[in-house]
>>> print(open('protein37.txt').read())   # compact mmCIF, C-alpha atoms
# COMPACT_ATOMS: atom_id res chain seq x y z
CA MET A 32 -8.71 14.86 16.47
CA SER A 33 -7.35 13.37 13.26
CA GLU A 34 -8.66 9.90 12.52
CA ARG A 35 -5.57 9.08 10.50
CA PHE A 36 -3.62 6.05 11.82
CA ARG A 37 -6.38 5.58 14.41
CA ALA A 38 -9.92 4.89 13.24
CA PHE A 39 -9.23 1.99 10.90
CA SER A 40 -5.70 0.84 11.75
CA PHE A 41 -5.32 -2.69 13.06
CA VAL A 42 -1.64 -3.21 13.71
CA ASP A 43 -0.28 -1.92 17.04
CA ARG A 44 3.27 -3.06 16.63
CA ILE A 45 5.52 -4.81 14.14
CA THR A 46 7.82 -7.22 15.95
CA PHE A 47 9.63 -8.85 13.03
CA SER A 48 10.10 -8.00 9.37
CA ALA A 49 12.64 -9.66 7.10
CA GLY A 50 12.84 -11.75 3.95
CA GLY A 51 9.17 -11.51 3.07
CA ARG A 52 8.00 -12.47 6.55
CA ILE A 53 6.33 -9.96 8.84
CA GLU A 54 4.91 -10.39 12.34
CA GLY A 55 3.11 -8.06 14.71
CA HIS A 56 0.18 -7.76 17.04
CA TYR A 57 -3.03 -5.91 17.62
CA THR A 58 -5.22 -5.70 20.70
CA VAL A 59 -8.94 -5.23 20.20
CA PRO A 60 -9.74 -2.28 22.45
CA ALA A 61 -11.86 -3.25 25.43
CA THR A 62 -13.99 -0.21 24.70
CA ALA A 63 -14.56 -0.93 21.00
CA THR A 64 -18.29 -0.90 20.35
CA ARG A 65 -18.17 -3.37 17.49
CA PHE A 66 -15.32 -5.50 16.08
CA PRO A 67 -16.73 -7.79 13.37
CA ALA A 68 -14.85 -10.99 12.53
CA SER A 69 -13.87 -9.64 9.11
CA LEU A 70 -11.66 -7.08 10.85
CA MET A 71 -9.32 -9.91 11.85
CA ALA A 72 -8.74 -10.36 8.11
CA GLU A 73 -8.29 -6.60 7.82
CA ALA A 74 -5.58 -6.75 10.49
CA VAL A 75 -3.65 -9.50 8.69
CA GLY A 76 -4.07 -7.67 5.39
CA GLN A 77 -2.81 -4.43 6.91
CA LEU A 78 0.24 -6.20 8.31
CA ALA A 79 1.02 -7.56 4.84
CA ALA A 80 0.41 -4.09 3.41
CA TRP A 81 3.01 -2.58 5.75
CA SER A 82 5.59 -5.06 4.47
CA ALA A 83 4.66 -4.40 0.84
CA MET A 84 4.68 -0.62 1.22
CA ALA A 85 8.07 -0.70 2.91
CA GLN A 86 9.50 -2.97 0.19
CA LEU A 87 8.43 -0.38 -2.41
CA ASP A 88 9.67 2.59 -0.35
CA PHE A 89 6.10 3.84 0.22
CA ALA A 90 5.63 4.81 -3.42
CA PHE A 91 2.69 2.38 -3.71
CA ARG A 92 0.05 0.97 -1.42
CA PRO A 93 -2.06 -2.15 -1.86
CA VAL A 94 -5.84 -2.09 -1.83
CA ALA A 95 -8.34 -4.90 -1.32
CA GLY A 96 -8.51 -7.19 -4.32
CA LEU A 97 -8.54 -10.96 -4.14
CA ALA A 98 -8.63 -13.54 -1.37
CA ALA A 99 -8.73 -17.17 -2.49
CA GLU A 100 -9.66 -18.48 0.94
CA SER A 101 -10.21 -17.25 4.50
CA ARG A 102 -10.82 -19.79 7.27
CA TYR A 103 -12.32 -18.56 10.52
CA ARG A 104 -11.81 -20.66 13.65
CA ARG A 105 -12.25 -18.22 16.55
CA ILE A 106 -13.69 -14.77 16.99
CA ALA A 107 -11.73 -11.98 18.67
CA GLY A 108 -13.41 -10.26 21.56
CA PRO A 109 -12.78 -6.93 23.31
CA GLY A 110 -9.42 -6.81 25.06
CA GLN A 111 -7.99 -9.83 23.23
CA MET A 112 -4.63 -9.65 21.53
CA LEU A 113 -4.25 -10.91 17.98
CA MET A 114 -0.80 -12.16 17.07
CA LEU A 115 -0.47 -11.41 13.37
CA GLU A 116 1.82 -12.94 10.77
CA ALA A 117 2.05 -12.74 6.99
CA ASP A 118 4.30 -14.22 4.34
CA ILE A 119 4.75 -12.15 1.21
CA ALA A 120 4.99 -14.41 -1.83
CA ARG A 121 5.47 -11.61 -4.36
CA CYS A 122 5.60 -7.86 -4.23
CA ASP A 123 6.04 -5.41 -7.10
CA PRO A 124 4.41 -2.17 -8.29
CA GLU A 125 1.53 -4.15 -9.77
CA ALA A 126 0.46 -6.29 -6.79
CA VAL A 127 1.35 -7.94 -3.52
CA ALA A 128 0.54 -11.62 -3.00
CA TYR A 129 0.50 -13.00 0.53
CA SER A 130 -0.91 -15.49 2.98
CA GLY A 131 -1.22 -14.93 6.71
CA ARG A 132 -2.76 -15.83 10.05
CA ALA A 133 -4.12 -14.32 13.21
CA LEU A 134 -3.71 -16.20 16.49
CA ILE A 135 -5.36 -15.71 19.86
CA ASP A 136 -3.63 -17.23 22.90
CA GLY A 137 -1.42 -19.27 20.59
CA ARG A 138 -4.34 -20.80 18.69
CA VAL A 139 -5.20 -20.00 15.10
CA ALA A 140 -8.23 -17.75 14.85
CA LEU A 141 -8.03 -16.95 11.15
CA GLU A 142 -6.06 -18.12 8.14
CA LEU A 143 -5.84 -16.09 4.94
CA ILE A 144 -4.64 -18.05 1.93
CA ASP A 145 -3.46 -16.65 -1.40
CA CYS A 146 -4.52 -13.04 -1.18
CA VAL A 147 -3.64 -10.45 -3.81
CA GLY A 148 -3.77 -6.71 -3.35
CA PRO A 149 -3.41 -4.53 -6.44
CA MET A 150 -0.89 -1.73 -5.91
CA LEU A 151 -1.78 1.90 -6.56
CA PRO A 152 0.25 5.10 -6.24
CA MET A 153 0.53 6.04 -2.57
CA GLU A 154 0.11 9.75 -3.36
CA GLU A 155 -3.54 9.13 -4.26
CA PHE A 156 -4.32 7.83 -0.79
CA ASP A 157 -1.95 9.30 1.76
CA ALA A 158 1.26 11.27 2.25
CA PRO A 159 4.17 8.85 1.67
CA ASP A 160 6.36 10.50 4.31
CA ALA A 161 3.61 10.26 6.92
CA VAL A 162 3.09 6.58 6.15
CA ARG A 163 6.84 5.97 6.38
CA ALA A 164 6.85 7.67 9.79
CA ASP A 165 3.94 5.47 10.93
CA PHE A 166 5.88 2.38 9.84
CA ASP A 167 8.85 3.53 11.94
CA THR A 168 6.50 4.00 14.90
CA LEU A 169 5.11 0.49 14.49
CA ARG A 170 8.62 -0.98 14.35
CA THR A 171 9.91 0.90 17.40
CA THR A 172 7.64 2.15 20.15
CA GLY A 173 4.44 0.79 18.64
CA ALA A 174 1.27 2.78 18.15
CA ALA A 175 -0.84 3.93 21.07
CA PRO A 176 -3.32 1.17 21.98
CA GLY A 177 -7.07 1.65 22.06
CA ARG A 178 -7.21 3.88 19.00
CA PHE A 179 -10.06 2.04 17.30
CA LEU A 180 -13.49 2.90 18.69
CA GLY A 181 -15.62 0.44 16.73
CA VAL A 182 -17.57 0.53 13.51
CA PRO A 183 -21.30 1.10 13.17
CA ALA A 184 -23.55 -1.86 12.31
CA PRO A 185 -24.30 -1.98 8.58
CA GLN A 186 -27.45 -0.12 7.54
CA ILE A 187 -29.26 -2.85 5.64
CA GLU A 188 -32.78 -2.84 4.27
CA VAL A 189 -34.15 -6.14 2.97
CA GLN A 190 -35.93 -5.79 -0.36
CA GLU A 191 -36.71 -9.39 -1.22
CA HIS A 192 -36.55 -12.47 0.97
CA ALA A 193 -37.20 -16.14 0.24
CA ALA A 194 -36.53 -17.77 3.62
CA GLY A 195 -33.58 -20.13 3.53
CA GLU A 196 -33.05 -19.50 -0.19
CA ARG A 197 -32.17 -15.95 -1.14
CA LEU A 198 -32.03 -12.37 0.05
CA ARG A 199 -31.89 -9.10 -1.82
CA ALA A 200 -31.11 -6.01 0.22
CA THR A 201 -29.66 -2.53 0.06
CA LEU A 202 -26.68 -1.36 2.06
CA GLN A 203 -26.37 2.34 2.80
CA VAL A 204 -22.65 3.04 2.98
CA PRO A 205 -22.02 5.65 5.69
CA ARG A 206 -21.50 9.23 4.62
CA GLU A 207 -18.16 11.01 4.58
CA GLY A 208 -17.36 12.18 8.09
CA THR A 209 -17.80 8.69 9.54
CA PRO A 210 -14.54 8.31 11.48
CA TYR A 211 -13.04 5.35 9.64
CA PHE A 212 -13.10 7.20 6.33
CA GLY A 213 -10.50 9.57 7.79
CA ASP A 214 -8.11 6.63 8.00
CA HIS A 215 -9.26 4.58 5.02
CA PHE A 216 -7.89 6.60 3.34
CA PRO A 217 -6.83 10.11 4.38
CA ARG A 218 -6.73 11.51 0.84
CA ARG A 219 -9.37 9.27 -0.72
CA PRO A 220 -12.13 7.81 1.45
CA VAL A 221 -13.06 4.29 0.37
CA PHE A 222 -15.55 1.88 1.97
CA PRO A 223 -13.40 -0.98 3.30
CA GLY A 224 -13.90 -4.30 1.52
CA THR A 225 -13.86 -6.09 4.88
CA LEU A 226 -16.86 -4.05 6.05
CA LEU A 227 -18.69 -4.92 2.85
CA LEU A 228 -17.97 -8.59 3.60
CA ASP A 229 -19.25 -8.05 7.14
CA ALA A 230 -22.56 -6.75 5.75
CA LEU A 231 -22.84 -9.67 3.34
CA ALA A 232 -21.92 -12.15 6.09
CA GLY A 233 -24.73 -10.92 8.32
CA LEU A 234 -27.29 -11.69 5.64
CA ALA A 235 -25.62 -15.01 4.79
CA VAL A 236 -25.85 -16.13 8.41
CA ARG A 237 -29.54 -15.15 8.48
CA LEU A 238 -30.27 -17.33 5.45
CA ALA A 239 -28.20 -20.21 6.82
CA ARG A 240 -30.06 -20.14 10.13
CA GLU A 241 -33.36 -20.32 8.28
CA ALA A 242 -32.13 -23.27 6.21
CA MET A 243 -30.60 -25.10 9.19
CA PRO A 244 -33.04 -24.52 12.06
CA GLY A 245 -32.46 -26.15 15.42
CA PRO A 246 -31.04 -25.51 18.85
CA ALA A 247 -27.55 -24.82 17.46
CA ALA A 248 -28.68 -22.39 14.76
CA ASP A 249 -27.82 -19.34 16.85
CA ALA A 250 -24.18 -20.42 16.93
CA LEU A 251 -23.85 -20.53 13.13
CA MET A 252 -21.08 -18.23 11.89
CA PRO A 253 -19.08 -17.71 8.69
CA THR A 254 -16.40 -20.41 8.75
CA GLN A 255 -14.90 -20.02 5.31
CA VAL A 256 -14.94 -17.25 2.72
CA GLY A 257 -13.62 -18.05 -0.72
CA ASN A 258 -13.03 -16.44 -4.09
CA VAL A 259 -13.36 -12.92 -2.73
CA LYS A 260 -12.97 -10.40 -5.50
CA ILE A 261 -13.34 -6.66 -4.91
CA ARG A 262 -13.71 -5.12 -8.36
CA SER A 263 -13.94 -1.42 -7.67
CA PHE A 264 -13.95 1.25 -5.00
CA THR A 265 -17.09 2.28 -3.16
CA THR A 266 -17.26 5.89 -2.06
CA PRO A 267 -18.98 7.21 1.08
CA GLY A 268 -22.74 7.61 0.83
CA THR A 269 -23.19 5.00 -1.92
CA MET A 270 -26.25 2.75 -1.87
CA LEU A 271 -25.20 -0.80 -2.72
CA GLU A 272 -27.39 -3.72 -3.70
CA LEU A 273 -26.55 -6.98 -1.93
CA GLU A 274 -27.44 -10.43 -3.24
CA ILE A 275 -27.14 -13.61 -1.21
CA ASP A 276 -28.11 -17.01 -2.61
CA LEU A 277 -27.98 -20.22 -0.63
CA LEU A 278 -26.54 -22.84 -2.98
CA GLN A 279 -26.41 -25.94 -0.82
CA THR A 280 -26.74 -27.18 2.74
CA THR A 281 -25.10 -30.22 4.26
CA GLU A 282 -25.46 -31.65 7.74
CA ASP A 283 -23.22 -29.05 9.29
CA ARG A 284 -22.87 -26.12 6.92
CA ALA A 285 -24.51 -23.91 4.33
CA HIS A 286 -22.75 -22.80 1.17
CA LEU A 287 -23.72 -19.40 -0.19
CA LYS A 288 -22.95 -17.11 -3.10
CA LEU A 289 -22.56 -13.40 -2.34
CA ALA A 290 -22.49 -10.36 -4.58
CA ALA A 291 -22.63 -6.59 -4.21
CA ARG A 292 -23.61 -4.23 -7.00
CA ASN A 293 -23.44 -0.50 -7.44
CA ASP A 294 -26.00 0.83 -9.87
CA GLY A 295 -26.27 -2.63 -11.40
CA LYS A 296 -22.52 -3.13 -11.84
CA THR A 297 -20.98 -5.99 -9.87
CA ILE A 298 -18.37 -4.55 -7.52
CA ALA A 299 -17.68 -7.57 -5.30
CA THR A 300 -18.28 -11.31 -5.28
CA ALA A 301 -17.50 -14.13 -2.86
CA ARG A 302 -18.51 -17.60 -1.72
CA MET A 303 -19.14 -18.30 1.94
CA ASP A 304 -19.62 -21.34 4.17
CA VAL A 305 -21.66 -20.82 7.31
CA GLY A 306 -21.32 -23.44 10.04
CA HIS A 307 -19.86 -23.87 13.50
CA LEU A 308 -16.43 -22.52 14.35
CA GLU A 309 -13.90 -25.29 14.99
CA ASP A 310 -12.57 -23.58 18.09
CA ALA A 311 -15.61 -21.67 19.26
CA GLN A 312 -15.27 -22.62 22.93
CA ALA A 313 -11.60 -21.71 23.24
CA MET B 2 17.18 -16.25 -30.08
CA SER B 3 13.78 -16.62 -31.75
CA GLU B 4 11.02 -18.45 -29.93
CA GLN B 5 10.09 -21.95 -30.97
CA ALA B 6 6.57 -21.78 -32.41
CA ILE B 7 3.78 -23.00 -30.17
CA SER B 8 1.87 -25.83 -31.81
CA GLN B 9 -1.88 -26.30 -31.83
CA GLN B 10 -1.30 -29.62 -30.08
CA GLU B 11 0.41 -27.84 -27.19
CA ILE B 12 -2.46 -25.36 -26.97
CA ASP B 13 -5.07 -28.12 -27.06
CA ALA B 14 -3.25 -29.91 -24.24
CA VAL B 15 -3.53 -27.01 -21.78
CA PHE B 16 -6.78 -25.43 -22.99
CA PRO B 17 -9.28 -27.44 -20.88
CA LYS B 18 -7.51 -26.52 -17.64
CA VAL B 19 -6.98 -22.90 -18.70
CA ALA B 20 -10.65 -22.65 -19.67
CA GLN B 21 -11.74 -23.99 -16.28
CA ILE B 22 -9.45 -21.53 -14.49
CA ILE B 23 -10.86 -18.66 -16.57
CA ALA B 24 -14.42 -19.80 -15.83
CA ASP B 25 -13.63 -19.95 -12.10
CA ALA B 26 -12.01 -16.52 -12.15
CA LEU B 27 -14.80 -14.83 -14.10
CA GLY B 28 -17.68 -16.78 -12.57
CA CYS B 29 -18.91 -17.82 -16.01
CA ASP B 30 -19.84 -21.16 -17.56
CA VAL B 31 -16.80 -23.07 -18.84
CA ASP B 32 -18.71 -23.75 -22.06
CA ASP B 33 -18.65 -20.01 -22.78
CA VAL B 34 -14.85 -19.97 -22.66
CA LYS B 35 -13.91 -20.52 -26.30
CA PRO B 36 -10.26 -20.29 -27.37
CA LYS B 37 -10.70 -17.11 -29.39
CA VAL B 38 -13.41 -15.23 -27.46
CA PRO B 39 -12.17 -11.77 -26.34
CA LEU B 40 -11.88 -11.85 -22.56
CA ILE B 41 -12.96 -8.24 -22.05
CA GLU B 42 -15.65 -7.72 -24.69
CA GLY B 43 -16.78 -11.35 -24.80
CA LEU B 44 -16.58 -12.46 -21.16
CA ASP B 45 -16.76 -9.11 -19.32
CA ALA B 46 -13.31 -9.46 -17.76
CA GLU B 47 -11.85 -6.41 -15.99
CA SER B 48 -8.31 -5.55 -14.95
CA ILE B 49 -8.71 -7.26 -11.54
CA ASP B 50 -9.73 -10.43 -13.42
CA PHE B 51 -6.45 -10.45 -15.34
CA LEU B 52 -4.56 -10.20 -12.07
CA ASP B 53 -6.70 -13.00 -10.63
CA LEU B 54 -6.18 -15.09 -13.74
CA VAL B 55 -2.40 -14.82 -13.69
CA PHE B 56 -2.22 -15.88 -10.03
CA ARG B 57 -4.66 -18.77 -10.60
CA LEU B 58 -2.66 -19.96 -13.62
CA GLU B 59 0.53 -19.82 -11.57
CA ARG B 60 -1.06 -21.94 -8.85
CA GLY B 61 -2.88 -24.26 -11.24
CA PHE B 62 0.12 -25.04 -13.43
CA GLY B 63 2.91 -24.56 -10.87
CA VAL B 64 4.65 -21.94 -13.00
CA LYS B 65 5.84 -18.38 -12.50
CA ILE B 66 4.47 -15.66 -14.75
CA PRO B 67 6.48 -12.50 -14.10
CA ARG B 68 4.44 -9.32 -13.84
CA GLY B 69 4.18 -7.46 -17.12
CA LYS B 70 5.42 -10.56 -18.90
CA ILE B 71 2.49 -10.83 -21.31
CA VAL B 72 2.84 -7.33 -22.69
CA GLU B 73 6.63 -7.68 -22.68
CA ASP B 74 6.36 -10.88 -24.73
CA ALA B 75 3.83 -9.23 -27.02
CA ARG B 76 6.32 -6.42 -27.70
CA GLY B 77 9.00 -8.99 -28.45
CA PRO B 78 12.36 -7.63 -29.60
CA LEU B 79 10.96 -4.15 -30.25
CA PRO B 80 12.17 -1.49 -27.80
CA GLU B 81 9.29 0.26 -26.05
CA ALA B 82 9.98 3.47 -27.98
CA GLU B 83 9.49 1.62 -31.27
CA PHE B 84 6.45 -0.29 -30.06
CA GLU B 85 4.43 2.73 -29.03
CA ASN B 86 4.51 6.47 -29.46
CA LYS B 87 2.66 8.72 -27.02
CA GLY B 88 0.53 5.78 -25.91
CA ILE B 89 -0.41 4.67 -29.44
CA VAL B 90 0.94 1.42 -30.88
CA THR B 91 3.15 2.17 -33.90
CA ASP B 92 2.86 0.43 -37.29
CA ALA B 93 5.87 -1.69 -36.35
CA GLY B 94 4.24 -2.48 -33.01
CA LEU B 95 1.01 -3.43 -34.71
CA ALA B 96 2.84 -5.76 -37.10
CA ARG B 97 4.57 -7.37 -34.13
CA LEU B 98 1.26 -7.79 -32.27
CA LYS B 99 -0.39 -9.46 -35.26
CA GLU B 100 2.54 -11.83 -35.49
CA PHE B 101 2.42 -12.59 -31.75
CA LEU B 102 -1.34 -12.77 -31.20
CA THR B 103 -2.15 -15.19 -34.01
CA GLU B 104 -5.33 -16.18 -32.18
CA VAL B 105 -6.79 -12.69 -32.70
CA PRO B 106 -8.61 -12.15 -36.03
CA ALA B 107 -7.16 -9.34 -38.19
CA GLU B 108 -10.36 -7.25 -37.97
CA ARG B 109 -9.90 -6.86 -34.20
CA PHE B 110 -6.65 -4.90 -34.65
CA LYS B 111 -8.26 -1.45 -34.88
CA THR B 112 -6.12 1.61 -35.56
CA PRO B 113 -5.18 3.75 -33.83
CA LEU B 114 -4.64 1.18 -31.07
CA LYS B 115 -3.83 2.52 -27.63
CA ALA B 116 -1.05 0.59 -25.89
CA ALA B 117 -3.27 0.45 -22.79
CA ASP B 118 -5.91 -1.34 -24.86
CA VAL B 119 -3.64 -4.20 -25.95
CA PRO B 120 -5.11 -6.49 -23.22
CA ARG B 121 -8.50 -6.00 -24.91
CA LEU B 122 -7.18 -8.26 -27.64
CA PHE B 123 -6.37 -11.14 -25.29
CA THR B 124 -8.32 -14.38 -25.52
CA PRO B 125 -8.18 -17.68 -23.60
CA GLU B 126 -5.72 -18.94 -26.22
CA THR B 127 -3.44 -16.00 -25.37
CA PHE B 128 -3.27 -17.35 -21.82
CA CYS B 129 -2.70 -20.91 -23.05
CA LYS B 130 0.41 -19.57 -24.78
CA VAL B 131 1.45 -17.70 -21.63
CA VAL B 132 1.28 -20.98 -19.70
CA ILE B 133 3.19 -22.90 -22.38
CA ARG B 134 5.97 -20.26 -22.43
CA ALA B 135 6.15 -20.35 -18.64
CA GLN B 136 6.38 -24.15 -18.70
CA ARG B 137 9.15 -23.96 -21.28
CA ALA B 138 11.00 -21.38 -19.21
CA ALA B 139 10.72 -23.60 -16.12
CA GLN B 140 12.04 -26.61 -18.05
CA ALA B 141 14.92 -24.55 -19.43
CA THR B 142 16.06 -23.57 -15.95
CA ALA B 143 15.44 -27.01 -14.38
>>> encode(input="protein37.txt", output="structure tokens")
Amino acid sequence: MSERFRAFSFVDRITFSAGGRIEGHYTVPATATRFPASLMAEAVGQLAAWSAMAQLDFAFRPVAGLAAESRYRRIAGPGQMLMLEADIARCDPEAVAYSGRALIDGRVALELIDCVGPMLPMEEFDAPDAVRADFDTLRTTGAAPGRFLGVPAPQIEVQEHAAGERLRATLQVPREGTPYFGDHFPRRPVFPGTLLLDALAGLAVRLAREAMPGPAADALMPTQVGNVKIRSFTTPGTMLELEIDLLQTTEDRAHLKLAARNDGKTIATARMDVGHLEDAQA
Amino acid sequence: MSEQAISQQEIDAVFPKVAQIIADALGCDVDDVKPKVPLIEGLDAESIDFLDLVFRLERGFGVKIPRGKIVEDARGPLPEAEFENKGIVTDAGLARLKEFLTEVPAERFKTPLKAADVPRLFTPETFCKVVIRAQRAAQATA
């Protein structure tokens, strides 16, 4: 079975699209083995991407680039529906700029603020006509639910560890043939930036729990991710080096600096706050 | 209509904020951001950093910087066909660039210069001028 429009697609239906505003929804399949929090950001980003691609008649598609700020308030669980919305501030053949949100049961689960996706020729990544047809599906009948099966946990090996201070680790990016590469993207498999952030977040939470021990440490989660910059593509099978440094702790949160390198070259950077979700009990 | 020259005083007025925005975008020390340091060779900026920088400057200064505006301004009144030929900046284009990018020392204008490499010439002062032009444009339409 083709993984295209299935294995890494996080919009089920587009319910509104006009004047730079787009809305839709996505239900986390009850059977999904793993749906990390960063995939909520992927869903909002994909919704914005649909709007941008349609505005440019599917000649270009955005890729992960910059996200000034992401605020996490709730985590989506299996079977929950995410109501997605995005406002496109600018869109041209160079880049799309947008902000957006994901809501669960009417309450904000995630806010994305001032994101920028560089645009690249669609032909490099997928067949424009097929993407146009998918857009029509999303706007009319909607895509079949339950397409996403989950993503594997990141394969991380810690190389250096100063408890509560810093971590150095390697991340083995899955090999080609892993289902999501068939959808991200059909003509050019690229390791999703949101999965890279998921791997970095796991290590950041580990450091934060060491630096902020106590009965509530297990509930610590990424609450804010800032200054995300994805500098280049990562191909299947790559071994990345991850660097996490704890910069500061306050009473209720840890502030960390994250970086990923490929063969010594920095390919992604971000800042992250780890604390307690505002709406964790909702 | 020819552009009113940008004064050193105008550049000095915006430079501290531009330098801080560049430092934030590149993750470098603000003290390393000198007005005439090449952003690519001197501060390791990449194409995604230029995109980041333009959006941060827009937010930081409350101005709009249309996409492609910097290169368009650099080309000035020259039609594209006279500015470059088969991807190489023409003599006329080079003369125009030297006139426009006064912050770039003459020895950095290597020939042949690929049009795609024009951003390699940009410095923090280049972006100060971008901001000043955007501010002027906003005032003109206010």
>>> axis_aligned_box(input="protein37.txt", around="range 143-153 of chain A", padding_each_side="5 Å", output="JSON")
{"center_x": -2.7, "center_y": -6.0, "center_z": -0.8, "size_x": 16.4, "size_y": 34.1, "size_z": 21.5}
>>> atom_distance(input="protein37.txt", atom1="CA of Asp145 in chain A", atom2="CA of Ser40 in chain A")
22.0 Å
>>> residues_around(input="protein37.txt", residues="Gly94 in chain B", least_positions_apart="3", cutoff="8 Å", atoms="all atoms listed in the file", output="PyMOL selection string")
chain B and resi 76+79+83-85+90-91+97-98
>>> closest_atom_pairs(input="protein37.txt", of="chain B", to="chain A", cutoff="10 Å", atoms="all atoms listed in the file", output="tab-separated table")
residue	atom	partner	partner_atom	distance
B:Asp25	CA	A:Asn258	CA	8.8
B:Ala26	CA	A:Asn258	CA	8.1
B:Leu27	CA	A:Lys260	CA	9.8
B:Gly28	CA	A:Thr300	CA	9.1
B:Glu47	CA	A:Arg262	CA	8.0
B:Ser48	CA	A:Arg262	CA	8.5
B:Ile49	CA	A:Arg262	CA	6.3
B:Asp50	CA	A:Arg262	CA	8.3
B:Leu52	CA	A:Pro149	CA	8.1
B:Asp53	CA	A:Leu97	CA	7.0
B:Phe56	CA	A:Val147	CA	8.4
B:Arg57	CA	A:Ala99	CA	9.2
B:Arg60	CA	A:Asp145	CA	9.4
B:Pro67	CA	A:Arg121	CA	9.8
B:Arg68	CA	A:Glu125	CA	7.2
B:Gly69	CA	A:Glu125	CA	8.5
>>> closest_residue(input="protein37.txt", among="A:Ile106, A:Ala184, A:Ala285, A:Ile119", to="Leu134 in chain A", atoms="all atoms listed in the file")
A:Ile106
>>> residues_around(input="protein37.txt", residues="Glu309 in chain A", least_positions_apart="4", cutoff="12 Å", atoms="all atoms listed in the file", output="PDB file with C-alpha atoms, keeping the file's coordinate frame")
ATOM      1  CA  ARG A 102     -10.820 -19.790   7.270  1.00  0.00           C
ATOM      2  CA  TYR A 103     -12.320 -18.560  10.520  1.00  0.00           C
ATOM      3  CA  ARG A 104     -11.810 -20.660  13.650  1.00  0.00           C
ATOM      4  CA  ARG A 105     -12.250 -18.220  16.550  1.00  0.00           C
ATOM      5  CA  ILE A 106     -13.690 -14.770  16.990  1.00  0.00           C
ATOM      6  CA  ARG A 138      -4.340 -20.800  18.690  1.00  0.00           C
ATOM      7  CA  VAL A 139      -5.200 -20.000  15.100  1.00  0.00           C
ATOM      8  CA  ALA A 140      -8.230 -17.750  14.850  1.00  0.00           C
ATOM      9  CA  LEU A 141      -8.030 -16.950  11.150  1.00  0.00           C
ATOM     10  CA  ALA A 250     -24.180 -20.420  16.930  1.00  0.00           C
ATOM     11  CA  LEU A 251     -23.850 -20.530  13.130  1.00  0.00           C
ATOM     12  CA  MET A 252     -21.080 -18.230  11.890  1.00  0.00           C
ATOM     13  CA  PRO A 253     -19.080 -17.710   8.690  1.00  0.00           C
ATOM     14  CA  THR A 254     -16.400 -20.410   8.750  1.00  0.00           C
ATOM     15  CA  GLN A 255     -14.900 -20.020   5.310  1.00  0.00           C
ATOM     16  CA  ASP A 283     -23.220 -29.050   9.290  1.00  0.00           C
ATOM     17  CA  VAL A 305     -21.660 -20.820   7.310  1.00  0.00           C
ATOM     18  CA  ALA A 313     -11.600 -21.710  23.240  1.00  0.00           C
TER      19      ALA A 313
END
>>> residues_around(input="protein37.txt", residues="range 241-247 of chain A", least_positions_apart="5", cutoff="8 Å", atoms="all atoms listed in the file", output="compact mmCIF listing (two decimals) with C-alpha atoms, keeping the file's coordinate frame")
# COMPACT_ATOMS: atom_id res chain seq x y z
CA ALA A 194 -36.53 -17.77 3.62
CA GLY A 195 -33.58 -20.13 3.53
CA GLU A 196 -33.05 -19.50 -0.19
CA THR A 280 -26.74 -27.18 2.74
CA ALA A 285 -24.51 -23.91 4.33
>>> residues_around(input="protein37.txt", residues="Asn293 in chain A", least_positions_apart="5", cutoff="7 Å", atoms="all atoms listed in the file", output="number ranges by chain")
A: 271-272, 298
>>> closest_residue(input="protein37.txt", among="B:Pro36, B:Leu95, B:Ala141, B:Phe110", to="Ile12 in chain B", atoms="only C-alpha atoms")
B:Pro36
>>> decode(input="protein37.txt", residues="range 58-66 of chain B", atoms="N, CA and C atoms", output="mmCIF file, in the first residue's frame")
data_model
loop_
_atom_site.group_PDB
_atom_site.id
_atom_site.type_symbol
_atom_site.label_atom_id
_atom_site.label_comp_id
_atom_site.auth_asym_id
_atom_site.auth_seq_id
_atom_site.Cartn_x
_atom_site.Cartn_y
_atom_site.Cartn_z
ATOM 1 N N LEU B 58 13.511 41.527 11.268
ATOM 2 C CA LEU B 58 13.589 42.980 11.084
ATOM 3 C C LEU B 58 12.195 43.561 10.878
ATOM 4 N N GLU B 59 11.368 42.845 10.126
ATOM 5 C CA GLU B 59 9.989 43.313 9.929
ATOM 6 C C GLU B 59 9.267 43.423 11.269
ATOM 7 N N ARG B 60 9.409 42.394 12.090
ATOM 8 C CA ARG B 60 8.725 42.407 13.393
ATOM 9 C C ARG B 60 9.346 43.443 14.326
ATOM 10 N N GLY B 61 10.672 43.510 14.321
ATOM 11 C CA GLY B 61 11.380 44.390 15.249
ATOM 12 C C GLY B 61 11.157 45.865 14.963
ATOM 13 N N PHE B 62 11.062 46.207 13.685
ATOM 14 C CA PHE B 62 10.925 47.617 13.312
ATOM 15 C C PHE B 62 9.509 47.973 12.844
ATOM 16 N N GLY B 63 8.631 46.967 12.762
ATOM 17 C CA GLY B 63 7.259 47.241 12.324
ATOM 18 C C GLY B 63 7.193 47.730 10.893
ATOM 19 N N VAL B 64 8.035 47.162 10.027
ATOM 20 C CA VAL B 64 8.046 47.565 8.614
ATOM 21 C C VAL B 64 7.799 46.339 7.741
ATOM 22 N N LYS B 65 7.529 46.588 6.472
ATOM 23 C CA LYS B 65 7.379 45.506 5.508
ATOM 24 C C LYS B 65 8.576 45.538 4.558
ATOM 25 N N ILE B 66 9.196 44.398 4.385
ATOM 26 C CA ILE B 66 10.311 44.292 3.451
ATOM 27 C C ILE B 66 9.893 43.280 2.393
#
